[in-house]
>>> print(open('protein_23.txt').read())   # compact mmCIF, C-alpha atoms
# COMPACT_ATOMS: atom_id res chain seq x y z
CA MET A 15 0.00 0.00 0.00
CA ARG A 16 1.72 3.23 1.08
CA ARG A 17 5.54 3.36 0.69
CA LEU A 18 8.30 4.24 3.18
CA ARG A 19 11.99 4.97 3.96
CA ALA A 20 14.62 6.68 6.17
CA CYS A 21 14.27 8.84 9.27
CA LEU A 22 15.49 11.61 11.54
CA GLY A 23 18.15 10.78 14.10
CA ALA A 24 17.63 10.89 17.83
CA ALA A 25 19.08 14.39 18.21
CA ALA A 26 15.70 16.07 17.82
CA ALA A 27 14.32 14.06 20.71
CA VAL A 28 17.16 15.05 23.03
CA GLY A 29 16.05 18.66 22.97
CA LEU A 30 12.47 17.60 23.67
CA ALA A 31 13.55 15.49 26.61
CA ALA A 32 15.43 18.49 27.97
CA ALA A 33 12.26 20.55 27.64
CA GLY A 34 10.58 17.93 29.85
CA THR A 35 7.36 19.08 31.44
CA THR A 36 7.04 22.20 29.30
CA ALA A 37 5.80 20.24 26.29
CA LEU A 38 2.07 20.56 26.94
CA VAL A 39 2.44 24.18 28.01
CA ALA A 40 4.10 24.96 24.72
CA GLY A 41 1.33 23.14 22.92
CA SER A 42 -1.27 25.27 24.64
CA ALA A 43 0.15 28.32 22.92
CA SER A 44 -1.03 26.90 19.59
CA GLY A 45 -4.67 27.14 20.58
CA ALA A 46 -5.39 24.17 22.84
CA THR A 47 -8.50 24.31 24.93
CA SER A 48 -8.55 23.36 28.59
CA ALA A 49 -8.38 19.60 28.93
CA LEU A 50 -11.59 17.63 29.13
CA SER A 51 -11.96 14.86 31.69
CA ASN A 52 -10.21 11.58 30.91
CA ARG A 53 -13.64 10.01 30.50
CA TRP A 54 -14.26 12.13 27.41
CA TYR A 55 -10.95 11.18 25.79
CA ALA A 56 -11.79 7.55 26.60
CA ALA A 57 -15.14 7.95 24.82
CA ALA A 58 -13.87 9.74 21.69
CA PRO A 59 -14.98 7.96 18.48
CA TYR A 60 -12.66 7.92 15.48
CA LEU A 61 -13.07 10.56 12.77
CA MET A 62 -11.09 10.76 9.54
CA PRO A 63 -10.92 14.53 8.95
CA LEU A 64 -9.47 14.31 5.43
CA ASP A 65 -11.02 11.18 3.94
CA ASN A 66 -14.21 9.11 3.70
CA ASP A 67 -16.55 12.09 3.23
CA PRO A 68 -15.80 13.71 6.62
CA PRO A 69 -18.97 14.71 8.51
CA ASP A 70 -19.32 18.09 10.18
CA PRO A 71 -18.18 17.62 13.80
CA ALA A 72 -20.22 20.62 14.92
CA ALA A 73 -23.41 18.95 13.65
CA ILE A 74 -22.53 15.75 15.51
CA MET A 75 -21.88 17.71 18.71
CA ASP A 76 -25.23 19.49 18.41
CA ALA A 77 -27.15 16.28 17.70
CA THR A 78 -25.55 14.02 20.31
CA GLY A 79 -23.77 16.05 22.99
CA LEU A 80 -20.44 14.52 21.97
CA LYS A 81 -17.40 16.55 23.01
CA ALA A 82 -14.33 14.49 22.06
CA PHE A 83 -13.10 13.15 18.72
CA GLN A 84 -10.29 10.70 17.88
CA LEU A 85 -8.71 12.06 14.68
CA ALA A 86 -7.08 9.42 12.43
CA PHE A 87 -4.37 8.63 11.28
CA VAL A 88 -0.84 10.03 11.62
CA LEU A 89 1.67 8.05 9.54
CA ALA A 90 5.18 8.30 8.11
CA PRO A 91 5.44 10.07 4.73
CA ASN A 92 4.71 7.86 1.73
CA GLY A 93 7.95 9.07 0.18
CA GLY A 94 10.03 8.19 3.22
CA GLY A 95 11.25 9.97 6.32
CA CYS A 96 10.61 10.23 10.04
CA SER A 97 8.20 13.14 10.11
CA PRO A 98 4.47 13.03 10.87
CA THR A 99 1.86 13.25 8.13
CA TRP A 100 -1.87 12.75 7.87
CA GLY A 101 -2.43 9.54 5.94
CA GLY A 102 1.11 9.52 4.59
CA THR A 103 0.52 12.52 2.32
CA ALA A 104 -0.27 15.75 4.24
CA ALA A 105 2.59 17.03 6.41
CA VAL A 106 1.53 17.91 9.95
CA SER A 107 4.03 20.80 9.97
CA SER A 108 2.18 22.68 7.21
CA ASP A 109 -1.35 21.45 7.95
CA THR A 110 -4.23 23.90 8.04
CA ALA A 111 -7.14 21.60 7.12
CA VAL A 112 -7.07 19.41 10.23
CA GLN A 113 -6.28 22.45 12.37
CA SER A 114 -9.51 24.00 11.11
CA VAL A 115 -11.44 20.90 12.23
CA VAL A 116 -9.75 21.06 15.64
CA ASN A 117 -10.62 24.75 15.95
CA THR A 118 -14.27 24.06 15.10
CA ILE A 119 -14.52 21.38 17.80
CA ARG A 120 -12.77 23.49 20.44
CA ALA A 121 -14.89 26.55 19.66
CA LYS A 122 -17.89 24.46 20.78
CA GLY A 123 -16.24 23.37 24.03
CA GLY A 124 -14.88 20.04 22.79
CA ASP A 125 -11.41 18.65 22.17
CA VAL A 126 -9.54 16.04 20.16
CA SER A 127 -7.16 13.16 20.57
CA VAL A 128 -5.00 12.05 17.63
CA SER A 129 -4.55 8.43 16.62
CA ILE A 130 -1.28 7.24 15.13
CA GLY A 131 -0.87 4.08 13.12
CA GLY A 132 -3.95 2.15 12.04
CA TYR A 133 -4.25 -0.73 9.60
CA GLY A 134 -2.71 0.68 6.41
CA GLY A 135 0.31 2.72 5.44
CA THR A 136 3.83 3.01 6.88
CA LYS A 137 4.09 3.80 10.58
CA LEU A 138 6.72 6.06 12.12
CA GLY A 139 7.87 3.25 14.40
CA GLN A 140 8.82 1.27 11.31
CA VAL A 141 11.11 3.94 9.82
CA CYS A 142 12.40 6.09 12.67
CA SER A 143 15.81 5.05 13.98
CA ASP A 144 14.84 4.48 17.60
CA ALA A 145 12.23 5.28 20.26
CA ALA A 146 13.62 8.78 20.85
CA ALA A 147 13.36 9.71 17.18
CA THR A 148 9.86 8.22 17.01
CA ALA A 149 8.83 10.23 20.07
CA ALA A 150 10.30 13.40 18.54
CA ALA A 151 8.08 12.95 15.47
CA TYR A 152 4.97 12.43 17.61
CA GLN A 153 5.88 15.38 19.84
CA GLN A 154 5.54 17.58 16.75
CA VAL A 155 1.88 16.48 16.56
CA ILE A 156 1.28 17.09 20.28
CA THR A 157 2.83 20.55 20.07
CA LYS A 158 1.17 21.50 16.77
CA TYR A 159 -2.36 20.81 18.05
CA GLY A 160 -1.80 21.32 21.80
CA LEU A 161 -2.95 17.78 22.51
CA HIS A 162 -4.07 16.42 25.86
CA ALA A 163 -4.57 12.86 24.51
CA ILE A 164 -3.02 10.50 21.98
CA ASP A 165 -3.82 6.98 20.75
CA PHE A 166 -1.29 4.38 19.56
CA ASP A 167 -3.16 2.10 17.13
CA LEU A 168 -0.73 -0.84 16.86
CA GLU A 169 -1.94 -3.53 14.49
CA GLU A 170 -1.10 -5.28 11.22
CA PRO A 171 1.36 -5.16 9.67
CA GLU A 172 3.38 -3.05 12.13
CA TYR A 173 2.79 -5.14 15.23
CA GLU A 174 4.45 -8.08 13.49
CA ASN A 175 7.69 -6.02 13.45
CA THR A 176 9.47 -6.39 16.81
CA ALA A 177 11.74 -3.38 16.30
CA ALA A 178 8.84 -1.15 15.26
CA ILE A 179 6.78 -2.08 18.33
CA LYS A 180 9.80 -1.45 20.55
CA ASN A 181 10.05 2.03 19.00
CA GLU A 182 6.32 2.72 19.40
CA ILE A 183 6.11 1.59 23.02
CA GLY A 184 9.32 3.44 23.84
CA ALA A 185 7.97 6.58 22.19
CA ALA A 186 4.71 6.30 24.12
CA LYS A 187 6.65 6.09 27.36
CA ILE A 188 8.77 9.15 26.47
CA LEU A 189 5.69 11.19 25.53
CA GLN A 190 3.95 10.18 28.75
CA GLN A 191 6.97 11.33 30.77
CA ASN A 192 7.51 14.59 28.87
CA ASN A 193 3.84 15.65 28.74
CA PRO A 194 2.39 15.42 32.26
CA GLY A 195 -1.30 14.55 32.23
CA LEU A 196 -1.25 13.28 28.64
CA TYR A 197 -3.97 10.62 28.18
CA VAL A 198 -2.42 7.67 26.33
CA SER A 199 -4.38 4.75 24.88
CA VAL A 200 -2.92 1.74 23.06
CA THR A 201 -5.27 -0.01 20.63
CA THR A 202 -4.63 -3.42 19.08
CA ALA A 203 -6.42 -6.31 17.37
CA GLY A 204 -8.98 -8.41 19.19
CA THR A 205 -9.52 -12.17 18.93
CA ALA A 206 -11.91 -14.60 20.58
CA ASP A 207 -9.35 -15.29 23.32
CA GLY A 208 -8.69 -11.57 23.85
CA THR A 209 -5.83 -10.74 21.52
CA GLY A 210 -3.51 -12.77 19.34
CA TRP A 211 0.17 -13.68 19.61
CA PHE A 212 1.42 -10.33 18.32
CA GLY A 213 -0.90 -8.43 20.66
CA LYS A 214 0.45 -10.44 23.58
CA GLN A 215 4.03 -9.71 22.48
CA MET A 216 3.18 -6.00 22.43
CA LEU A 217 1.96 -6.24 26.02
CA LEU A 218 5.16 -8.01 27.03
CA GLU A 219 7.18 -5.23 25.38
CA ALA A 220 5.25 -2.65 27.41
CA LYS A 221 5.93 -4.65 30.58
CA SER A 222 9.64 -4.92 29.80
CA GLN A 223 9.88 -1.16 29.30
CA GLY A 224 7.89 -0.38 32.44
CA PHE A 225 5.22 1.44 30.42
CA THR A 226 1.59 1.59 31.54
CA PRO A 227 -0.84 3.65 29.42
CA ASN A 228 -4.28 4.75 30.54
CA ASN A 229 -5.60 1.67 28.77
CA PHE A 230 -4.93 -1.18 26.39
CA SER A 231 -7.94 -1.43 24.05
CA ILE A 232 -8.84 -4.33 21.77
CA MET A 233 -10.88 -4.24 18.58
CA PRO A 234 -13.19 -7.27 18.71
CA PHE A 235 -14.27 -7.32 15.06
CA ASP A 236 -12.93 -8.75 11.78
CA GLY A 237 -12.11 -11.96 13.61
CA GLY A 238 -15.17 -14.17 13.30
CA PHE A 239 -17.21 -12.27 15.87
CA ASN A 240 -20.99 -12.52 15.98
CA GLY A 241 -22.67 -9.76 17.94
CA ALA A 242 -22.17 -8.46 21.44
CA ALA A 243 -21.88 -11.78 23.28
CA SER A 244 -18.74 -12.70 21.35
CA GLN A 245 -17.29 -9.26 22.03
CA THR A 246 -17.90 -9.28 25.77
CA SER A 247 -16.42 -12.78 25.92
CA ALA A 248 -13.26 -11.46 24.21
CA LEU A 249 -13.12 -8.57 26.69
CA THR A 250 -13.34 -11.03 29.59
CA ASN A 251 -10.53 -13.09 28.10
CA PHE A 252 -8.42 -9.99 27.45
CA ASN A 253 -8.86 -8.99 31.08
CA GLN A 254 -7.31 -12.30 32.09
CA ILE A 255 -4.37 -11.64 29.73
CA LEU A 256 -3.81 -8.24 31.35
CA GLN A 257 -3.90 -9.85 34.80
CA SER A 258 -1.38 -12.55 33.92
CA THR A 259 0.94 -10.18 32.01
CA PHE A 260 1.14 -7.35 34.51
CA GLY A 261 0.27 -9.10 37.77
CA TRP A 262 -2.87 -7.01 38.22
CA ASP A 263 -6.01 -8.11 40.00
CA GLN A 264 -9.24 -8.24 38.01
CA ALA A 265 -10.43 -4.74 38.98
CA THR A 266 -7.08 -3.15 38.14
CA ALA A 267 -7.02 -4.91 34.79
CA TYR A 268 -10.51 -3.64 33.93
CA ALA A 269 -9.43 -0.13 34.95
CA HIS A 270 -6.75 -0.38 32.25
CA GLU A 271 -8.91 -2.08 29.60
CA GLY A 272 -10.73 -0.57 26.65
CA PHE A 273 -13.14 -1.51 23.86
CA SER A 274 -12.86 -0.22 20.30
CA GLY A 275 -15.71 -1.48 18.14
CA MET A 276 -16.88 -1.12 14.56
CA ASN A 277 -20.38 0.17 13.97
CA GLY A 278 -22.58 -1.65 11.48
CA ARG A 279 -21.04 -4.00 8.93
CA SER A 280 -17.38 -4.90 9.51
CA ASP A 281 -14.79 -5.51 6.81
CA THR A 282 -15.40 -9.27 7.01
CA GLY A 283 -19.19 -9.00 6.90
CA GLU A 284 -19.97 -9.18 10.63
CA PHE A 285 -22.84 -6.94 11.80
CA PHE A 286 -22.93 -4.89 15.00
CA SER A 287 -26.19 -3.10 15.68
CA GLN A 288 -27.20 -0.42 18.14
CA THR A 289 -28.41 -3.20 20.46
CA ASP A 290 -24.96 -4.79 20.37
CA PHE A 291 -23.36 -1.45 21.26
CA GLN A 292 -25.72 -1.05 24.22
CA THR A 293 -24.85 -4.54 25.49
CA VAL A 294 -21.11 -3.89 25.28
CA LEU A 295 -21.59 -0.46 26.85
CA ASP A 296 -23.41 -2.06 29.79
CA TYR A 297 -20.54 -4.53 30.16
CA ALA A 298 -17.92 -1.77 30.01
CA THR A 299 -19.61 0.43 32.58
CA SER A 300 -20.51 -2.40 34.95
CA HIS A 301 -16.88 -3.57 34.96
CA ASN A 302 -15.48 -0.04 35.30
CA MET A 303 -13.55 -0.29 32.06
CA ASP A 304 -11.47 2.72 31.03
CA ARG A 305 -12.43 3.18 27.37
CA PHE A 306 -15.36 2.73 24.96
CA THR A 307 -14.92 3.94 21.39
CA PHE A 308 -15.61 2.88 17.80
CA TRP A 309 -14.59 3.12 14.16
CA SER A 310 -15.96 5.46 12.93
CA LEU A 311 -18.02 8.64 12.85
CA ASN A 312 -17.55 8.77 9.07
CA ARG A 313 -19.63 5.56 9.03
CA ASP A 314 -22.22 6.67 11.61
CA ARG A 315 -25.00 7.28 9.09
CA GLN A 316 -27.27 5.11 6.99
CA CYS A 317 -26.28 4.00 3.51
CA THR A 318 -28.54 4.49 0.55
CA PRO A 319 -31.19 1.74 0.46
CA ALA A 320 -29.41 -0.09 -2.37
CA ASP A 321 -26.22 -0.40 -0.32
CA ASN A 322 -27.64 -1.36 3.08
CA GLY A 323 -26.09 -4.64 4.13
CA GLY A 324 -24.48 -5.29 0.79
CA ARG A 325 -20.97 -4.00 1.37
CA THR A 326 -18.69 -2.42 3.92
CA SER A 327 -18.34 1.31 3.39
CA GLY A 328 -16.09 3.98 4.81
CA THR A 329 -18.92 6.51 4.71
CA CYS A 330 -21.96 4.63 6.09
CA SER A 331 -22.75 1.70 8.37
CA SER A 332 -24.81 -0.66 6.16
CA VAL A 333 -27.38 -1.06 8.97
CA ALA A 334 -30.65 0.75 9.54
CA GLN A 335 -30.00 3.82 11.67
CA ASN A 336 -30.46 7.51 12.22
CA SER A 337 -27.38 9.63 11.70
CA TRP A 338 -25.04 9.59 14.70
CA ASP A 339 -26.90 6.79 16.53
CA PHE A 340 -23.64 5.11 17.50
CA ALA A 341 -22.00 8.32 18.72
CA LYS A 342 -24.63 8.50 21.44
CA TYR A 343 -23.18 5.38 23.10
CA SER A 344 -19.87 7.17 23.47
CA VAL A 345 -21.70 10.10 25.04
CA LYS A 346 -23.36 7.72 27.53
CA PHE A 347 -19.98 6.20 28.40
CA ALA A 348 -18.69 9.69 29.17
CA GLY A 349 -21.49 10.00 31.69
CA VAL A 350 -23.74 12.36 29.77
CA THR A 351 -27.32 11.87 28.59
CA PRO A 352 -27.57 12.49 24.82
CA PRO A 353 -30.27 14.88 23.58
CA SER A 354 -33.53 12.96 23.36
CA SER A 355 -34.99 14.75 20.38
CA THR A 356 -32.86 16.34 17.69
CA PRO A 357 -33.17 16.65 13.93
CA THR A 358 -31.27 13.84 12.24
CA PRO A 359 -29.01 15.02 9.44
CA THR A 360 -29.42 12.80 6.39
CA PRO A 361 -26.49 12.28 4.02
CA THR A 362 -27.11 13.17 0.43
CA PRO A 363 -26.97 9.96 -1.61
CA THR A 364 -24.38 9.90 -4.36
CA PRO A 365 -26.10 9.03 -7.64
CA PRO A 366 -24.55 6.07 -9.43
CA SER A 367 -22.32 6.82 -12.40
CA THR A 368 -23.87 6.11 -15.79
CA GLY A 369 -20.74 5.79 -17.95
CA CYS A 370 -17.94 3.30 -17.27
CA LYS A 371 -14.36 4.51 -17.01
CA PRO A 372 -11.53 2.70 -18.83
CA ALA A 373 -11.23 -0.91 -17.69
CA TRP A 374 -8.83 -1.69 -14.85
CA SER A 375 -5.57 -3.37 -15.88
CA SER A 376 -3.39 -5.42 -13.56
CA ALA A 377 -0.29 -4.23 -15.42
CA ALA A 378 -1.03 -0.50 -15.26
CA VAL A 379 0.25 1.89 -12.60
CA TYR A 380 -2.40 4.14 -11.08
CA THR A 381 -1.90 7.22 -8.93
CA VAL A 382 -4.24 9.21 -6.69
CA GLY A 383 -7.38 10.31 -8.55
CA ASN A 384 -7.10 7.87 -11.47
CA GLU A 385 -10.44 6.27 -12.35
CA VAL A 386 -11.15 2.81 -13.75
CA SER A 387 -14.06 0.42 -14.17
CA TYR A 388 -14.23 -3.14 -12.84
CA ASN A 389 -17.18 -5.53 -12.33
CA ASN A 390 -19.63 -2.88 -13.59
CA HIS A 391 -18.51 -0.31 -11.01
CA ASN A 392 -16.31 2.75 -11.36
CA TRP A 393 -13.40 3.07 -8.92
CA LYS A 394 -11.03 5.91 -7.96
CA ALA A 395 -7.47 5.36 -6.70
CA LYS A 396 -6.65 6.86 -3.28
CA TRP A 397 -2.89 6.51 -3.74
CA TRP A 398 -0.27 4.81 -5.94
CA THR A 399 -1.14 1.25 -6.84
CA GLN A 400 -0.37 -1.56 -9.26
CA ASN A 401 -2.02 -4.97 -9.54
CA GLU A 402 -4.42 -4.38 -6.63
CA THR A 403 -7.87 -5.54 -7.72
CA PRO A 404 -10.62 -2.95 -7.09
CA VAL A 405 -12.70 -4.12 -4.14
CA ALA A 406 -14.81 -2.32 -1.55
CA SER A 407 -12.66 -2.06 1.57
CA GLU A 408 -12.45 0.58 4.30
CA TRP A 409 -8.66 0.82 4.09
CA GLY A 410 -8.10 -0.39 0.54
CA VAL A 411 -6.57 1.65 -2.26
CA TRP A 412 -9.79 1.83 -4.31
CA GLN A 413 -12.85 3.98 -3.61
CA ASP A 414 -16.11 2.61 -5.04
CA GLU A 415 -17.85 5.33 -7.10
CA GLY A 416 -20.93 3.28 -7.83
CA ALA A 417 -22.44 1.19 -10.61
CA CYS A 418 -21.85 2.03 -14.25
>>> encode(input="protein_23.txt", output="structure tokens")
Amino acid sequence: MRRLRACLGAAAAVGLAAAGTTALVAGSASGATSALSNRWYAAAPYLMPLDNDPPDPAAIMDATGLKAFQLAFVLAPNGGGCSPTWGGTAAVSSDTAVQSVVNTIRAKGGDVSVSIGGYGGTKLGQVCSDAAATAAAYQQVITKYGLHAIDFDLEEPEYENTAAIKNEIGAAKILQQNNPGLYVSVTTAGTADGTGWFGKQMLLEAKSQGFTPNNFSIMPFDGGFNGAASQTSALTNFNQILQSTFGWDQATAYAHEGFSGMNGRSDTGEFFSQTDFQTVLDYATSHNMDRFTFWSLNRDRQCTPADNGGRTSGTCSSVAQNSWDFAKYSVKFAGVTPPSSTPTPTPTPTPPSTGCKPAWSSAAVYTVGNEVSYNNHNWKAKWWTQNETPVASEWGVWQDEGAC
């Protein structure tokens, strides 16, 4: 998918370490609001501010009472280097688009966390020379946006790279030390027994480095799950893994455990309804878990009737819903009662294309914006690609533009 290479040295991080506890104060000068409670950062759903038809955060706040958003994803540059970008393409240092989103949210009394990593692209931990250099890159993001919270989304393929995970966990520890009060979550894949081998190795790396975040969250979807019962079972099993890894009792493990779900139809065709979210929310609150979030607000709206249930989309849930139904469960987790009666914004359906673009070729090289046709649908490339068959996938290279 996205391409990589080289990195800054550790020298940049040395200066940051010397700055020590001034890091968040410096960030505040760039327009940060007063910090929200940790419960809000723990409840922040994911929002892609530059992709997947970003919804208006102000409208979501008005409709649901939501105050916190988890902006995704910060990656290494596609062309190589150890500097933070949005999605591998938009440098954080020169960003104005995401800053505008942050300003909109803060003007209404809310705040943001930023998520680094995710499923696709090249992660900074993979290309930066060591933990200090990785931390220096992430500190640029904290300072740029005056952050009070950050999320390390450590999953495939990065978490299969021992050196990269060592860099990421080491960076998280450095940021936690240099930014007092910074809320740090670590998110990884979920399986029926809690998390898989690589997730367990990540926990052991955290233990070896003496690093404890606010929570370790699992994503119990895309792994043969079937509704809320399978998810709460995975959360119970993950709690036992946390106990055995860190020597915690059950209550302490739950206090450091989080849930990160997927609303509606998952990438593998699982379905999670509003009822499932309520069941998991009840489990999380009754066990005093630290985090309840989901992927994503871009998907928290109903698809057009023709698409409901038929595919996984980055811009709608594929289940019957009112707009922002799932966001209201995050609001409840934060301890707030969502508005009971608000107008529901309805997305404008995108009419299907009538003419087919040139046929996709496995031998051709496509770059961002190139359009092709395949299986009677038109597709647009999100980034450089060759020999990647157009399919509907949240994190895939191709965006489905509809039937032709």
>>> closest_residue(input="protein_23.txt", among="A:Ala243, A:Val126, A:Ala146, A:Val88", to="Lys187 (chain A)", atoms="all atoms listed in the file")
A:Ala146
>>> residues_around(input="protein_23.txt", residues="Thr403 (chain A)", least_positions_apart="2", cutoff="10 Å", atoms="only C-alpha atoms", output="PyMOL selection string")
chain A and resi 374-376+388+399-401+405-406+410-412
>>> atom_distance(input="protein_23.txt", atom1="CA of Ile119 (chain A)", atom2="CA of Ala82 (chain A)")
8.1 Å
>>> closest_residue(input="protein_23.txt", among="A:Ala378, A:Ala178, A:Ile156, A:Cys418", to="Asn392 (chain A)", atoms="all atoms listed in the file")
A:Cys418
>>> closest_residue(input="protein_23.txt", among="A:Met75, A:Ala298, A:Ala86, A:Cys317", to="Ser331 (chain A)", atoms="all atoms listed in the file")
A:Cys317
>>> atom_distance(input="protein_23.txt", atom1="CA of Ser48 (chain A)", atom2="CA of Tyr197 (chain A)")
13.5 Å
>>> atom_distance(input="protein_23.txt", atom1="CA of Cys142 (chain A)", atom2="CA of Ala90 (chain A)")
8.8 Å
>>> closest_residue(input="protein_23.txt", among="A:Pro68, A:Pro353, A:Gly416, A:Gly369", to="Arg325 (chain A)", atoms="all atoms listed in the file")
A:Gly416
>>> closest_residue(input="protein_23.txt", among="A:Phe273, A:Trp393, A:Phe306, A:Phe252", to="Asn52 (chain A)", atoms="only C-alpha atoms")
A:Phe306
>>> residues_around(input="protein_23.txt", residues="Ser108 (chain A)", least_positions_apart="2", cutoff="12 Å", atoms="only C-alpha atoms", output="number ranges by chain")
A: 97-100, 103-106, 110-113, 154-155, 158-159
>>> axis_aligned_box(input="protein_23.txt", around="region 183-201 of chain A", padding_each_side="6 Å", output="lines of an AutoDock Vina configuration file")
center_x = 2.0
center_y = 7.8
center_z = 26.4
size_x = 26.6
size_y = 27.7
size_z = 23.6
>>> closest_residue(input="protein_23.txt", among="A:Ser332, A:Pro234, A:Gln245, A:Phe260", to="Leu217 (chain A)", atoms="only C-alpha atoms")
A:Phe260
>>> residues_near_point(input="protein_23.txt", point="(-11.9, 12.5, 7.8)", cutoff="9 Å", atoms="only C-alpha atoms", output="PyMOL selection string")
chain A and resi 60-69+85-86+112+311-312
>>> residues_near_point(input="protein_23.txt", point="(-3.3, 4.6, -11.2)", cutoff="8 Å", atoms="all atoms listed in the file", output="list in words")
Ala378, Val379, Tyr380, Thr381, Val382, Gly383, Asn384, Glu385, Ala395, Trp397, Trp398, Thr399 and Gln400 of chain A
>>> residues_around(input="protein_23.txt", residues="region 262-268 of chain A", least_positions_apart="4", cutoff="9 Å", atoms="only C-alpha atoms", output="PyMOL selection string")
chain A and resi 229+253-258+272+298+301-304
>>> residues_around(input="protein_23.txt", residues="Leu50 (chain A)", least_positions_apart="6", cutoff="12 Å", atoms="only C-alpha atoms", output="PyMOL selection string")
chain A and resi 56-58+80-83+120+123-127+161-163+195-197+348
